[in-house]
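Shown next, in structure tokens, is the structure this report addresses.
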Amino acid sequence: MTPNDRATRCAEAMWAKDVASQSLGLAIADVGPGTATLTMTVRPDMLNGHGICHGGMIFTLADSAFAFACNTYNTLTVAQQNQITYLSPGQPGETLTATATETARQGRSGTYDVTVTGSDGRTVALFRGLSRTISGTHFDEDQP
């Protein structure tokens with residue numbers, strides 16, 4: 001099995017159980033070893049009192065991209081710590097894209113940076129996630 005095949009199978013296994021991401025209309029645009037790109041269109045029910053995308057929705061998009069990126073090695077991995085910096089508001093109806101990239105991975109710990117961009121390419125938010133592997137796998141690699 002290639003690393004890309006493993007990453008894809010992990011994403012498929014996680015997506016099947018990820019009711020939160022599915023209910024928000026998130027979509028996986030790309031996944032590979034240590035990387036993931038997810039998108040979300042800002043719906044009216046995602047707007048805050050200022051008429052812009054609620055920060056919690058942007059955080060969720062970034063967190064989901066982080067989760068898919070750090071789970072591409074068929075080892076169950078969870079968040080240990082996350083932080084986000086908002087730079088530009090998400091606008092109603094626009095599609096936001098979160099691209100997660102592995103910065104470091106050693107032992108059971110990993111560091112992932114996520115950039116959330118707007119439809120016009122501007123940076124909406126910068127997110128850093130620290131991961132920790134736990135016991136278990138997403139699928140049995142001995143099964144086709």
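Identifiers for the structure tokens are assigned positionally: chains receive A, B, ... in sequence, residues are indexed from 1 per chain, and ligands are indexed from 1 in the order shown.
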Next on the checklist: Need the shell around Phe127 in chain A: protein/DNA/RNA residues with any atom at most 10 Å away, counting only C-alpha atoms. Skip same-chain ones fewer than 6 positions apart. Format as a PyMOL selection string?
Outcome noted: chain A and resi 58-59+62-63+66+82-86+98-100+112-116
Item to check | DSSP helix (DSSP H, G or I) residues within chain A, listed as a VMD selection string | outcome: chain A and resid 3 to 17 19 to 23 44 to 46 55 to 70
Item to check | Given only C-alpha atoms as the counted atoms, nearest of A:Thr60, A:Ser135, A:Asn74, A:Thr117 to Ala20 in chain A | outcome: A:Thr60
Item to check | Among the residues A:Tyr73, A:Leu38, A:Ala65, A:Thr123, the one that comes closest to Glu141 in chain A [using only C-alpha atoms] | outcome: A:Tyr73
All strand (DSSP E) residues (DSSP, backbone) inside range 26-68 of chain A, as a short mmCIF file (atom, residue, chain, number, x, y, z; two decimals) with C-alpha atoms, in the first residue's frame:
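Saved as part15.cif:
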data_model
loop_
_atom_site.label_atom_id
_atom_site.label_comp_id
_atom_site.auth_asym_id
_atom_site.auth_seq_id
_atom_site.Cartn_x
_atom_site.Cartn_y
_atom_site.Cartn_z
CA ALA A 27 -15.82 18.57 1.96
CA ILE A 28 -12.44 16.90 1.62
CA ALA A 29 -10.72 18.41 -1.42
CA ASP A 30 -7.41 16.60 -1.02
CA VAL A 31 -5.55 14.33 1.37
CA GLY A 32 -2.03 12.91 1.43
CA THR A 35 -1.65 16.93 4.57
CA ALA A 36 -5.34 17.61 4.03
CA THR A 37 -7.42 20.30 2.37
CA LEU A 38 -11.07 20.83 3.31
CA THR A 39 -13.63 23.37 2.12
CA MET A 40 -16.76 24.91 3.62
CA THR A 41 -19.27 27.30 2.11
#
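In terms of minimum interatomic distance to Ser131 in chain A, A:Gln80 ranks closest within A:Gln80, A:Ser23, A:Asn48, A:Thr103, counting only C-alpha atoms.
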Checklist outcome for this item: Among A:Thr101, A:Gln22, A:Thr133, A:Ser88, Asp120 in chain A is approached most closely, using only C-alpha atoms, by A:Ser88
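Using only C-alpha atoms for every distance, the candidate list A:Met46, A:Ser21, A:Leu76, A:Val124 yields A:Leu76 as the residue closest to Phe139 in chain A.
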Next on the checklist: So, with only C-alpha atoms as the atoms that count, which of A:Ala69, A:Val78, A:Ile52, A:Leu130 lies closest to Gly110 in chain A?
Outcome noted: A:Leu130
